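> Just so it is clear, I am handing over coords15.cif, which has mmCIF, C-alpha atoms.
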data_target
loop_
_atom_site.label_atom_id
_atom_site.label_comp_id
_atom_site.auth_asym_id
_atom_site.auth_seq_id
_atom_site.Cartn_x
_atom_site.Cartn_y
_atom_site.Cartn_z
CA MET A 1 -19.95 3.45 5.86
CA PRO A 2 -17.12 4.87 7.97
CA ASN A 3 -14.74 5.36 5.03
CA VAL A 4 -17.05 7.67 3.06
CA THR A 5 -16.99 11.39 3.91
CA ILE A 6 -19.85 13.64 2.74
CA LEU A 7 -19.73 17.44 2.83
CA VAL A 8 -23.19 19.02 3.23
CA VAL A 9 -23.34 22.66 2.06
CA ASP A 10 -26.43 24.86 2.59
CA ASP A 11 -26.91 28.37 3.87
CA GLU A 12 -30.21 27.27 5.43
CA ALA A 13 -29.15 25.93 8.84
CA THR A 14 -32.28 23.80 9.32
CA GLN A 15 -31.88 22.13 5.93
CA HIS A 16 -28.26 21.08 6.32
CA GLN A 17 -28.79 20.00 9.95
CA ILE A 18 -31.60 17.65 8.83
CA LEU A 19 -29.50 16.16 6.01
CA ALA A 20 -26.39 15.88 8.19
CA GLY A 21 -28.30 14.13 10.98
CA TYR A 22 -29.92 11.68 8.56
CA LEU A 23 -26.63 10.78 6.83
CA LYS A 24 -24.80 10.34 10.15
CA LYS A 25 -27.40 7.73 11.14
CA LYS A 26 -26.60 5.96 7.85
CA GLY A 27 -22.98 5.63 8.99
CA PHE A 28 -21.32 8.33 6.86
CA GLN A 29 -18.64 10.73 8.08
CA ILE A 30 -20.23 14.20 7.82
CA ILE A 31 -18.68 17.65 7.45
CA GLN A 32 -20.92 20.73 7.28
CA ALA A 33 -20.48 24.12 5.62
CA ALA A 34 -22.82 27.13 5.67
CA ASN A 35 -21.68 28.60 2.34
CA GLY A 36 -19.56 27.94 -0.75
CA GLU A 37 -16.46 29.71 0.52
CA GLU A 38 -16.44 27.65 3.74
CA ALA A 39 -17.05 24.51 1.68
CA LEU A 40 -13.99 25.16 -0.53
CA GLN A 41 -11.86 25.54 2.59
CA GLN A 42 -13.16 22.19 3.90
CA VAL A 43 -12.26 20.56 0.58
CA LYS A 44 -8.71 21.93 0.86
CA ASN A 45 -8.31 20.67 4.43
CA ASN A 46 -10.10 17.30 4.35
CA PRO A 47 -10.42 14.20 2.13
CA ILE A 48 -13.97 14.47 0.73
CA ASP A 49 -15.76 11.77 -1.28
CA LEU A 50 -19.12 13.42 -1.99
CA ILE A 51 -20.59 16.94 -1.74
CA LEU A 52 -24.28 17.77 -1.36
CA SER A 53 -24.60 21.46 -2.18
CA ASP A 54 -27.41 23.96 -2.48
CA MET A 55 -27.34 25.96 -5.73
CA ARG A 56 -28.55 29.34 -4.41
CA MET A 57 -26.06 30.71 -1.85
CA PRO A 58 -24.63 34.20 -1.31
CA ASP A 59 -21.15 35.08 -2.58
CA VAL A 60 -19.90 31.64 -3.77
CA ASP A 61 -22.96 29.87 -5.21
CA GLY A 62 -23.35 26.23 -6.20
CA MET A 63 -21.90 26.69 -9.71
CA ALA A 64 -18.82 28.53 -8.41
CA LEU A 65 -18.36 25.86 -5.73
CA LEU A 66 -18.62 23.10 -8.37
CA SER A 67 -15.99 24.82 -10.51
CA GLY A 68 -13.65 25.29 -7.54
CA VAL A 69 -14.04 21.67 -6.39
CA LYS A 70 -13.25 20.29 -9.86
CA GLU A 71 -10.08 22.38 -9.94
CA LEU A 72 -9.00 21.13 -6.51
CA ASN A 73 -9.94 17.48 -6.98
CA PRO A 74 -11.95 16.28 -10.01
CA GLU A 75 -12.45 12.88 -8.30
CA ILE A 76 -14.93 14.37 -5.78
CA SER A 77 -18.57 13.71 -6.71
CA VAL A 78 -20.95 16.68 -6.45
CA VAL A 79 -24.75 16.51 -6.16
CA VAL A 80 -26.61 19.82 -6.34
CA MET A 81 -29.89 20.67 -4.61
CA THR A 82 -32.27 23.14 -6.18
CA ALA A 83 -35.86 24.30 -6.00
CA PHE A 84 -38.24 23.05 -8.70
CA SER A 85 -38.53 26.56 -10.13
CA ARG A 86 -34.77 26.64 -10.79
CA ILE A 87 -34.46 23.28 -12.52
CA GLU A 88 -32.46 24.91 -15.36
CA ASP A 89 -29.70 25.54 -12.78
CA ALA A 90 -29.51 21.81 -12.12
CA VAL A 91 -29.21 21.08 -15.86
CA ALA A 92 -26.39 23.62 -16.16
CA SER A 93 -24.59 22.11 -13.17
CA MET A 94 -24.78 18.62 -14.74
CA LYS A 95 -23.13 19.99 -17.88
CA ALA A 96 -20.42 21.55 -15.69
CA GLY A 97 -19.59 18.21 -14.06
CA ALA A 98 -22.13 17.59 -11.28
CA GLU A 99 -22.92 13.91 -10.74
CA ASP A 100 -26.66 14.39 -10.18
CA TYR A 101 -29.24 16.79 -8.71
CA LEU A 102 -32.03 16.73 -6.13
CA GLN A 103 -35.13 18.87 -5.91
CA LYS A 104 -35.95 20.65 -2.68
CA PRO A 105 -37.40 19.64 -0.34
CA VAL A 106 -35.09 16.63 -0.57
CA ASP A 107 -36.71 13.20 -0.82
CA LEU A 108 -34.55 11.06 1.49
CA ASP A 109 -35.31 7.83 -0.41
CA GLU A 110 -34.17 9.48 -3.64
CA LEU A 111 -31.08 10.76 -1.80
CA ASP A 112 -30.27 7.18 -0.72
CA LEU A 113 -30.56 5.92 -4.29
CA ILE A 114 -28.32 8.67 -5.70
CA ILE A 115 -25.63 8.12 -3.05
CA LYS A 116 -25.77 4.37 -3.56
CA ARG A 117 -25.41 4.78 -7.33
CA ILE A 118 -22.46 7.18 -6.99
CA LEU A 119 -20.61 4.96 -4.51
CA GLU A 120 -21.20 1.89 -6.67
CA ARG A 121 -19.82 3.73 -9.68
CA ARG A 122 -16.75 4.81 -7.67
CA ARG A 123 -16.23 1.21 -6.54
CA LEU A 124 -16.36 -0.08 -10.12
CA ILE A 125 -13.91 2.59 -11.29
CA SER A 126 -11.55 1.70 -8.44
CA GLU A 127 -11.77 -2.03 -9.14
CA ASN A 128 -11.24 -1.44 -12.85
CA LYS A 129 -8.14 0.64 -12.09
CA GLU A 130 -6.77 -2.05 -9.77
CA LEU A 131 -7.48 -4.71 -12.40
CA LYS A 132 -5.66 -2.71 -15.07
CA GLU A 133 -2.68 -2.23 -12.75
CA SER A 134 -2.66 -5.93 -11.92
CA LEU A 135 -2.80 -6.90 -15.60
CA ALA A 136 -0.05 -4.41 -16.40
CA ALA A 137 2.11 -5.93 -13.67
CA LYS A 138 1.47 -9.48 -14.88
CA SER A 139 2.21 -8.40 -18.44
CA GLN A 140 5.62 -7.05 -17.44
CA PHE A 141 6.62 -10.14 -15.47
CA SER A 142 5.29 -12.54 -18.11
CA GLN A 143 8.14 -11.34 -20.33
CA LEU A 144 10.64 -12.90 -17.90
CA ILE A 145 10.79 -16.46 -19.19
CA THR A 146 10.81 -19.31 -16.68
CA ALA A 147 9.51 -22.80 -16.06
CA SER A 148 10.98 -23.25 -12.56
CA ALA A 149 9.07 -23.03 -9.31
CA GLY A 150 11.91 -21.02 -7.74
CA MET A 151 11.75 -18.31 -10.38
CA GLU A 152 7.95 -18.23 -10.26
CA GLU A 153 8.24 -17.36 -6.58
CA VAL A 154 10.78 -14.65 -7.45
CA LEU A 155 8.36 -13.12 -9.97
CA SER A 156 5.49 -13.35 -7.49
CA MET A 157 7.51 -11.43 -4.88
CA ALA A 158 8.58 -8.87 -7.46
CA MET A 159 5.01 -8.28 -8.64
CA ARG A 160 3.85 -7.67 -5.06
CA ALA A 161 6.83 -5.39 -4.40
CA SER A 162 6.11 -3.35 -7.54
CA GLN A 163 3.04 -1.74 -5.98
CA SER A 164 5.05 -0.36 -3.05
CA ARG A 165 7.62 2.43 -2.80
CA ALA A 166 9.73 0.37 -0.37
CA SER A 167 13.39 -0.20 -1.23
CA VAL A 168 14.21 -3.52 -2.90
CA LEU A 169 17.53 -5.39 -2.75
CA ILE A 170 17.99 -7.92 -5.56
CA ARG A 171 20.68 -10.50 -4.85
CA GLY A 172 22.20 -13.16 -7.06
CA GLU A 173 25.21 -14.05 -9.14
CA SER A 174 26.33 -11.97 -12.10
CA GLY A 175 24.32 -12.62 -15.23
CA THR A 176 21.13 -13.82 -13.52
CA GLY A 177 19.09 -10.84 -14.77
CA LYS A 178 18.96 -8.47 -11.80
CA GLU A 179 18.60 -5.31 -13.90
CA MET A 180 15.91 -6.93 -16.05
CA LEU A 181 13.92 -7.79 -12.91
CA ALA A 182 14.40 -4.25 -11.56
CA ARG A 183 13.12 -2.78 -14.83
CA ALA A 184 10.08 -5.09 -14.74
CA ILE A 185 9.31 -3.96 -11.16
CA HIS A 186 9.42 -0.33 -12.32
CA LEU A 187 7.24 -0.91 -15.40
CA ALA A 188 4.66 -2.75 -13.29
CA SER A 189 4.59 0.00 -10.65
CA PRO A 190 2.52 3.19 -10.38
CA ARG A 191 5.78 4.99 -11.35
CA ARG A 192 5.88 3.39 -14.81
CA GLU A 193 5.34 6.74 -16.58
CA SER A 194 8.34 8.28 -14.78
CA PRO A 195 12.04 7.64 -15.50
CA PHE A 196 13.92 4.41 -14.81
CA ILE A 197 17.55 5.43 -14.26
CA ALA A 198 20.28 2.79 -13.85
CA VAL A 199 23.81 3.29 -12.53
CA ASN A 200 26.54 0.65 -12.05
CA MET A 201 28.79 1.45 -9.09
CA ALA A 202 31.51 -0.93 -10.27
CA ALA A 203 31.95 1.13 -13.45
CA LEU A 204 32.68 4.38 -11.56
CA SER A 205 35.87 5.55 -9.89
CA ASP A 206 35.51 6.55 -6.23
CA ASN A 207 35.90 10.27 -6.96
CA LEU A 208 33.04 10.21 -9.50
CA VAL A 209 30.44 8.29 -7.46
CA GLU A 210 29.01 11.26 -5.54
CA SER A 211 28.84 13.44 -8.62
CA GLU A 212 27.02 10.71 -10.55
CA LEU A 213 24.53 10.04 -7.76
CA PHE A 214 23.90 13.56 -6.42
CA GLY A 215 25.14 15.87 -9.19
CA HIS A 216 27.53 18.81 -8.76
CA GLU A 217 27.58 22.57 -8.96
CA LYS A 218 29.72 24.55 -11.40
CA GLY A 219 33.24 24.87 -10.03
CA ALA A 220 32.75 22.17 -7.39
CA PHE A 221 36.02 20.53 -8.47
CA THR A 222 38.57 20.75 -11.27
CA GLY A 223 36.79 20.11 -14.54
CA ALA A 224 33.29 20.94 -13.22
CA GLN A 225 32.65 23.63 -15.82
CA GLN A 226 28.87 23.60 -15.45
CA GLN A 227 26.14 22.36 -13.13
CA LYS A 228 25.26 18.68 -13.53
CA LYS A 229 22.15 16.82 -12.36
CA GLY A 230 22.77 13.57 -10.54
CA ARG A 231 20.96 10.26 -10.97
CA PHE A 232 18.67 10.93 -8.01
CA GLU A 233 17.54 14.19 -9.60
CA LEU A 234 17.07 12.58 -13.02
CA ALA A 235 15.04 9.73 -11.49
CA ASN A 236 12.73 12.01 -9.49
CA THR A 237 9.18 10.51 -9.22
CA GLY A 238 10.56 7.34 -10.84
CA THR A 239 12.97 4.51 -9.99
CA LEU A 240 16.73 4.53 -9.45
CA PHE A 241 18.46 1.18 -9.98
CA ILE A 242 21.85 1.03 -8.21
CA ASP A 243 23.72 -2.01 -9.53
CA GLU A 244 26.74 -3.41 -7.65
CA VAL A 245 25.73 -1.38 -4.59
CA ALA A 246 28.46 -3.09 -2.55
CA GLU A 247 31.03 -1.05 -4.49
CA ILE A 248 29.86 2.29 -3.04
CA PRO A 249 32.70 3.96 -1.08
CA ALA A 250 32.24 4.30 2.70
CA THR A 251 31.97 8.13 2.57
CA THR A 252 29.19 7.95 -0.02
CA GLN A 253 27.34 5.27 1.95
CA VAL A 254 26.62 7.88 4.65
CA LYS A 255 25.07 10.26 2.11
CA LEU A 256 23.06 7.47 0.49
CA LEU A 257 21.71 6.52 3.91
CA ARG A 258 20.60 10.11 4.50
CA ILE A 259 18.75 10.35 1.20
CA LEU A 260 16.96 7.06 1.92
CA GLN A 261 15.95 8.27 5.38
CA GLU A 262 15.14 11.92 4.75
CA ARG A 263 14.78 12.05 0.94
CA GLN A 264 17.00 15.13 0.91
CA TYR A 265 20.53 15.82 -0.39
CA GLU A 266 22.85 18.49 -1.76
CA ARG A 267 24.79 18.49 -5.00
CA VAL A 268 28.57 18.21 -4.66
CA GLY A 269 29.86 21.70 -3.94
CA GLY A 270 26.35 23.00 -3.27
CA THR A 271 24.57 24.33 -0.17
CA HIS A 272 20.97 24.23 -1.41
CA THR A 273 19.05 21.21 -0.07
CA LEU A 274 17.10 19.31 -2.72
CA SER A 275 14.19 16.94 -2.14
CA THR A 276 13.57 13.78 -4.13
CA ASP A 277 10.80 11.24 -4.56
CA VAL A 278 12.70 8.20 -5.83
CA ARG A 279 12.08 4.49 -5.39
CA VAL A 280 15.47 2.78 -4.96
CA ILE A 281 16.16 -0.73 -6.21
CA ALA A 282 19.68 -1.97 -5.47
CA ALA A 283 21.47 -5.12 -6.61
CA THR A 284 24.62 -7.02 -5.70
CA HIS A 285 26.27 -10.41 -6.14
CA GLN A 286 28.45 -9.93 -3.05
CA ASP A 287 27.87 -11.17 0.49
CA LEU A 288 26.85 -7.95 2.27
CA GLU A 289 26.63 -9.69 5.65
CA VAL A 290 30.35 -10.55 5.45
CA MET A 291 31.11 -6.97 4.36
CA ILE A 292 29.21 -5.67 7.39
CA LYS A 293 31.39 -7.82 9.67
CA THR A 294 34.55 -6.52 8.00
CA LYS A 295 33.27 -2.92 8.32
CA THR A 296 33.30 -2.31 4.55
CA PHE A 297 29.51 -1.88 4.29
CA ARG A 298 27.30 -0.01 6.74
CA GLU A 299 24.81 -2.14 8.63
CA ASP A 300 22.23 0.69 8.84
CA LEU A 301 22.44 1.22 5.07
CA PHE A 302 21.99 -2.50 4.52
CA TYR A 303 18.72 -2.51 6.47
CA ARG A 304 17.48 0.58 4.58
CA LEU A 305 18.12 -1.14 1.25
CA ASN A 306 17.01 -4.61 2.34
CA VAL A 307 13.35 -3.79 3.09
CA ILE A 308 12.30 -6.29 0.41
CA CYS A 309 14.96 -8.84 -0.50
CA ILE A 310 14.66 -10.90 -3.70
CA PHE A 311 17.21 -13.61 -4.47
CA ILE A 312 17.51 -14.79 -8.07
CA PRO A 313 18.80 -18.40 -8.19
CA PRO A 314 21.68 -19.23 -10.57
CA LEU A 315 20.84 -20.98 -13.83
CA ARG A 316 22.51 -24.23 -12.72
CA ASP A 317 19.90 -24.47 -9.92
CA ARG A 318 16.98 -24.09 -12.33
CA ARG A 319 17.98 -26.24 -15.29
CA GLU A 320 14.36 -26.60 -16.35
CA ASP A 321 14.68 -23.02 -17.64
CA ILE A 322 17.55 -23.87 -20.01
CA PRO A 323 15.46 -25.37 -22.90
CA ILE A 324 12.91 -22.53 -22.99
CA LEU A 325 15.65 -19.91 -22.77
CA ILE A 326 17.51 -21.62 -25.62
CA ASP A 327 14.35 -21.56 -27.73
CA HIS A 328 13.75 -17.88 -26.90
CA PHE A 329 17.31 -16.83 -27.79
CA ILE A 330 17.32 -18.86 -31.01
CA ARG A 331 14.13 -17.15 -32.17
CA ARG A 332 15.52 -13.71 -31.27
CA TYR A 333 18.93 -14.09 -32.90
CA SER A 334 17.84 -16.08 -35.94
CA GLU A 335 15.50 -13.19 -36.72
CA GLU A 336 18.16 -10.61 -35.95
CA GLU A 337 20.75 -12.39 -38.13
CA ASP A 338 18.16 -13.34 -40.76
CA LYS A 339 19.14 -17.02 -40.58
CA PRO A 340 16.69 -19.97 -40.69
CA VAL A 341 17.82 -21.56 -37.40
CA SER A 342 14.98 -23.53 -35.84
CA GLY A 343 16.57 -25.34 -32.90
CA VAL A 344 19.49 -27.40 -31.58
CA SER A 345 20.58 -30.95 -32.23
CA ARG A 346 20.05 -33.63 -29.60
CA GLU A 347 23.79 -33.76 -28.86
CA SER A 348 23.99 -29.99 -28.53
CA MET A 349 21.05 -29.90 -26.13
CA ASP A 350 22.75 -32.60 -24.06
CA LEU A 351 25.91 -30.46 -23.77
CA LEU A 352 23.93 -27.29 -23.04
CA MET A 353 21.96 -29.04 -20.29
CA LYS A 354 25.10 -30.45 -18.61
CA TYR A 355 27.06 -27.19 -18.59
CA ASN A 356 27.17 -25.27 -15.27
CA TYR A 357 26.98 -21.67 -16.63
CA PRO A 358 29.21 -19.64 -14.30
CA GLY A 359 27.98 -16.61 -16.27
CA ASN A 360 24.34 -17.67 -15.85
CA VAL A 361 21.63 -16.51 -18.30
CA ARG A 362 23.92 -13.91 -19.83
CA GLU A 363 26.45 -16.63 -20.73
CA LEU A 364 23.73 -18.85 -22.22
CA GLU A 365 22.44 -15.95 -24.30
CA ASN A 366 25.92 -15.13 -25.58
CA ALA A 367 26.52 -18.81 -26.40
CA ILE A 368 23.33 -19.06 -28.46
CA GLN A 369 23.97 -15.75 -30.23
CA ARG A 370 27.49 -16.90 -31.16
CA SER A 371 26.21 -20.29 -32.32
CA VAL A 372 23.49 -18.74 -34.50
CA VAL A 373 26.08 -16.47 -36.13
CA MET A 374 28.54 -19.34 -36.78
CA THR A 375 26.19 -22.15 -37.88
CA ARG A 376 25.51 -23.15 -41.47
CA ASN A 377 22.63 -25.43 -40.53
CA GLU A 378 19.03 -25.15 -39.40
CA LEU A 379 19.90 -26.97 -36.18
CA LEU A 380 22.80 -25.85 -33.99
CA SER A 381 25.40 -28.63 -33.82
CA THR A 382 27.98 -29.29 -31.10
CA ASP A 383 30.63 -27.73 -33.35
CA ASP A 384 28.66 -24.44 -33.32
CA LEU A 385 28.79 -24.19 -29.52
CA PRO A 386 31.52 -22.20 -27.73
CA GLN A 387 34.60 -24.23 -26.81
CA GLN A 388 34.10 -23.87 -23.06
CA ILE A 389 30.71 -25.58 -23.28
CA GLN A 390 32.06 -28.40 -25.43
CA GLY A 391 35.22 -28.87 -23.36
CA ARG A 392 33.87 -28.56 -19.84
CA SER A 393 30.80 -30.66 -20.54
CA ARG A 394 32.95 -33.45 -22.00
CA LYS A 395 35.36 -33.28 -19.08
CA THR A 396 32.45 -33.41 -16.66
CA SER A 397 31.05 -36.45 -18.47
CA GLU A 398 34.46 -38.16 -18.53
CA SER A 399 35.00 -37.35 -14.86
CA LEU A 400 31.63 -38.80 -13.92
CA SER A 401 32.33 -41.88 -16.03
CA GLY A 402 35.78 -42.37 -14.46
CA SER A 403 34.40 -41.89 -10.98
CA LEU A 404 31.67 -44.49 -11.58
CA THR A 405 34.19 -47.06 -12.97
CA LYS A 406 36.39 -46.59 -9.93
CA GLN A 407 33.48 -47.07 -7.53
CA VAL A 408 32.35 -50.25 -9.32
CA ALA A 409 35.89 -51.67 -9.16
CA GLN A 410 36.15 -50.90 -5.44
CA LEU A 411 32.82 -52.61 -4.77
CA GLU A 412 33.82 -55.65 -6.84
CA LEU A 413 37.15 -55.98 -5.00
CA ARG A 414 35.43 -55.78 -1.61
CA LEU A 415 32.86 -58.47 -2.53
CA ILE A 416 35.59 -60.85 -3.79
CA GLN A 417 37.65 -60.36 -0.62
CA GLU A 418 34.60 -61.03 1.58
CA ALA A 419 33.70 -64.19 -0.42
CA LEU A 420 37.26 -65.56 -0.06
CA GLN A 421 37.31 -64.80 3.64
CA ASN A 422 33.94 -66.51 4.21
CA SER A 423 35.11 -69.62 2.28
CA ASN A 424 38.55 -69.81 3.98
CA ASP A 425 40.19 -69.01 0.60
CA ASN A 426 38.32 -71.85 -1.17
CA GLN A 427 38.09 -70.41 -4.69
CA SER A 428 35.41 -72.84 -5.92
CA GLU A 429 33.13 -72.04 -2.99
CA ALA A 430 33.83 -68.30 -3.28
CA ALA A 431 32.98 -68.34 -7.02
CA ARG A 432 29.65 -70.08 -6.31
CA SER A 433 28.72 -67.54 -3.65
CA LEU A 434 29.50 -64.73 -6.10
CA GLY A 435 27.50 -66.33 -8.91
CA ILE A 436 30.47 -66.50 -11.31
CA SER A 437 32.65 -69.28 -12.69
CA GLU A 438 35.90 -70.30 -11.02
CA ARG A 439 37.77 -69.28 -14.19
CA HIS A 440 36.16 -65.81 -14.05
CA LEU A 441 37.16 -65.53 -10.40
CA ARG A 442 40.79 -66.39 -11.20
CA TYR A 443 40.73 -63.62 -13.84
CA LYS A 444 39.49 -61.13 -11.25
CA LEU A 445 42.11 -62.27 -8.69
CA LYS A 446 44.81 -61.60 -11.24
CA LYS A 447 43.25 -58.24 -12.22
CA TYR A 448 43.15 -56.99 -8.64
CA ASN A 449 46.48 -58.68 -7.70
CA ILE A 450 44.88 -60.73 -4.95
CA LYS A 451 47.22 -63.49 -3.66
#
Please re-express this file's structure in structure tokens.


Amino acid sequence: MPNVTILVVDDEATQHQILAGYLKKKGFQIIQAANGEEALQQVKNNPIDLILSDMRMPDVDGMALLSGVKELNPEISVVVMTAFSRIEDAVASMKAGAEDYLQKPVDLDELDLIIKRILERRRLISENKELKESLAAKSQFSQLITASAGMEEVLSMAMRASQSRASVLIRGESGTGKEMLARAIHLASPRRESPFIAVNMAALSDNLVESELFGHEKGAFTGAQQQKKGRFELANTGTLFIDEVAEIPATTQVKLLRILQERQYERVGGTHTLSTDVRVIAATHQDLEVMIKTKTFREDLFYRLNVICIFIPPLRDRREDIPILIDHFIRRYSEEEDKPVSGVSRESMDLLMKYNYPGNVRELENAIQRSVVMTRNELLSTDDLPQQIQGRSRKTSESLSGSLTKQVAQLELRLIQEALQNSNDNQSEAARSLGISERHLRYKLKKYNIK
């Protein structure tokens, strides 16, 4: 068992040499200590899984060692060894947090059983923790509604990314739900108990960006009347979501790159270097590769942010999501507005399905909210829908209809011309080959102005 480290502590050299030799043969990593003080130092300097300690030792005895170990790392299992005449010491140690005890001289078979039981218990605790984390992650992502294979893959990538501290770049058009996905990644991560801080770069003027991200000292610039913490400081141990990251000015990009590389920064106007433990999730709808070519976005910063890239497809490319999103928004806003709206009419659903949603999910949500507010019926009608959905969908339908009519006419004209050519302009023969009457053919010749 190469991944399990056992610390053997006994002031009797022969005793701990025997135990250490036996456990090494079993495949364990072994560290030895001759007394409690030395053992505590080993615990400070090494990752220890299990301690086998004698109770009676000079200076720092077994009880003092147990207390010190639990303060340093309560996850370390401790098994005490005691003579039969001092069995009350073993009972006291169990009450103080020892995992088990062994009587001296140590029965090696009993030692094997105790170690096996402790390691099995640790394995079950670890698996249970992983299961809880996995279920928590799935619970967060299950709230993001989808029926499309493309979005399922997005959620799968996000769930895997949530367990890492690597930077994530979420790409996609405006309104696709980039911040919602970022928040789900945070809530499914080991950082879920720490802050989730969001900042939109497009909403800040260039001279405020650095102050918002890194904070400033009192007197750093005109109007800086007191010290201010930046978003990186507020998000420490948690997640910082930088929306519209492409809008960051070139001078600030250098400082952002440094904090991603070294996890250190200074407040504006300050000289004291601060450290931060922040997981960065960035988002943009812009083409960063084009911006790199035009020298408006740093290539090295791009690669720092783009460790894990997740692209959210636009709503028009996942139309199977439209009906379930409509149902979700109707339930939310009918409850919020206290109106008995239960669904949409067939005609309304047809228009909603045909619309292209340049504003994506956000536009669909706004459309349903507006319709729920305006309707007087249990089913949303076409008249309840926003004008752009009614108008554009009808124009699209009319355009498709006109295009189809034109194509049919062109095909019909070509077939008539070919039939006349093959029959040397004999209309009776041409009509027979087309499967129509001669009178019908004359009508078509007049319609298409064929001489």

> Go through A:Val8, A:Ala246, A:Val341, A:Leu415 one by one, measure the shortest atom-to-atom distance of each to Asp287 (chain A) using all atoms listed in the file, and give the residue with the smallest value.

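Answer, going by the shortest atom-to-atom distance: A:Ala246.
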
> Evaluate the PyMOL selection byres ((chain A and resi 163) around 8) on the structure here and hand back the selected residues as a PyMOL selection string.

chain A and resi 159-162+164-165+188-190

> Tell me which of A:Ala283, A:Leu257, A:Leu66, A:Met157 sits closest to Asn200 (chain A), counting all atoms listed in the file.

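For Asn200 (chain A), the nearest of the candidates is A:Ala283.
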
> Report as a list in words the residues that result from applying the PyMOL selection byres ((chain A and resi 297-309) around 8) to the structure here.

Ala161, Ala166, Ser167, Val168, Leu169, Ile170, Arg171, Ala246, Ala250, Gln253, Val254, Leu256, Leu257, Leu260, Gln261, Val280, Ile281, Ala282, Leu288, Met291, Ile292, Thr294, Lys295, Thr296, Ile310 and Phe311 of chain A

> Rank nothing, just name the residue among A:Met81, A:Val361, A:Ser211, A:Lys339 nearest to Met180 (chain A), using only C-alpha atoms.

A:Val361

> Tell me which residues the PyMOL selection byres ((chain A and resi 427-432) around 12) grabs here, as a VMD selection string.

chain A and resid 415 to 426 433 to 445 450 to 451

> Need to verify the contact set: Ser67 (chain A), 10 Å, all atoms listed in the file, exclusion of same-chain residues closer than 4 positions in sequence. Can you return it as a PDB file with C-alpha atoms, in the coordinates of the input?


ATOM      1  CA  GLY A  62     -23.350  26.230  -6.200  1.00  0.00           C
ATOM      2  CA  MET A  63     -21.900  26.690  -9.710  1.00  0.00           C
ATOM      3  CA  GLU A  71     -10.080  22.380  -9.940  1.00  0.00           C
ATOM      4  CA  LEU A  72      -9.000  21.130  -6.510  1.00  0.00           C
ATOM      5  CA  PRO A  74     -11.950  16.280 -10.010  1.00  0.00           C
ATOM      6  CA  SER A  93     -24.590  22.110 -13.170  1.00  0.00           C
ATOM      7  CA  ALA A  96     -20.420  21.550 -15.690  1.00  0.00           C
ATOM      8  CA  GLY A  97     -19.590  18.210 -14.060  1.00  0.00           C
ATOM      9  CA  ALA A  98     -22.130  17.590 -11.280  1.00  0.00           C
TER      10      ALA A  98
END

> Could you tell me which of A:Leu208, A:Leu274, A:Ile125, A:Val199 comes closest to Thr239 (chain A) if we count only C-alpha atoms?

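Under the stated criterion, the closest residue is A:Val199.
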
> Can you pull out every residue within 12 Å of Asn356 (chain A), counting all atoms listed in the file, but drop anything in the same chain fewer than 2 positions away, and send it as a PyMOL selection string?

chain A and resi 314-319+322+351-354+358-361+363-364+388-393+396

> May I have the protein, DNA and RNA residues with any atom at most 8 Å from the point (24.3, 14.5, -13.3), counting only C-alpha atoms, written as an mmCIF file with C-alpha atoms, keeping the file's coordinate frame?


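This is the output file part_18.cif:
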data_model
loop_
_atom_site.group_PDB
_atom_site.id
_atom_site.type_symbol
_atom_site.label_atom_id
_atom_site.label_comp_id
_atom_site.auth_asym_id
_atom_site.auth_seq_id
_atom_site.Cartn_x
_atom_site.Cartn_y
_atom_site.Cartn_z
ATOM 1 C CA SER A 211 28.840 13.440 -8.620
ATOM 2 C CA GLU A 212 27.020 10.710 -10.550
ATOM 3 C CA LEU A 213 24.530 10.040 -7.760
ATOM 4 C CA PHE A 214 23.900 13.560 -6.420
ATOM 5 C CA GLY A 215 25.140 15.870 -9.190
ATOM 6 C CA HIS A 216 27.530 18.810 -8.760
ATOM 7 C CA LYS A 228 25.260 18.680 -13.530
ATOM 8 C CA LYS A 229 22.150 16.820 -12.360
ATOM 9 C CA GLY A 230 22.770 13.570 -10.540
ATOM 10 C CA ARG A 231 20.960 10.260 -10.970
ATOM 11 C CA GLU A 233 17.540 14.190 -9.600
ATOM 12 C CA LEU A 234 17.070 12.580 -13.020
#
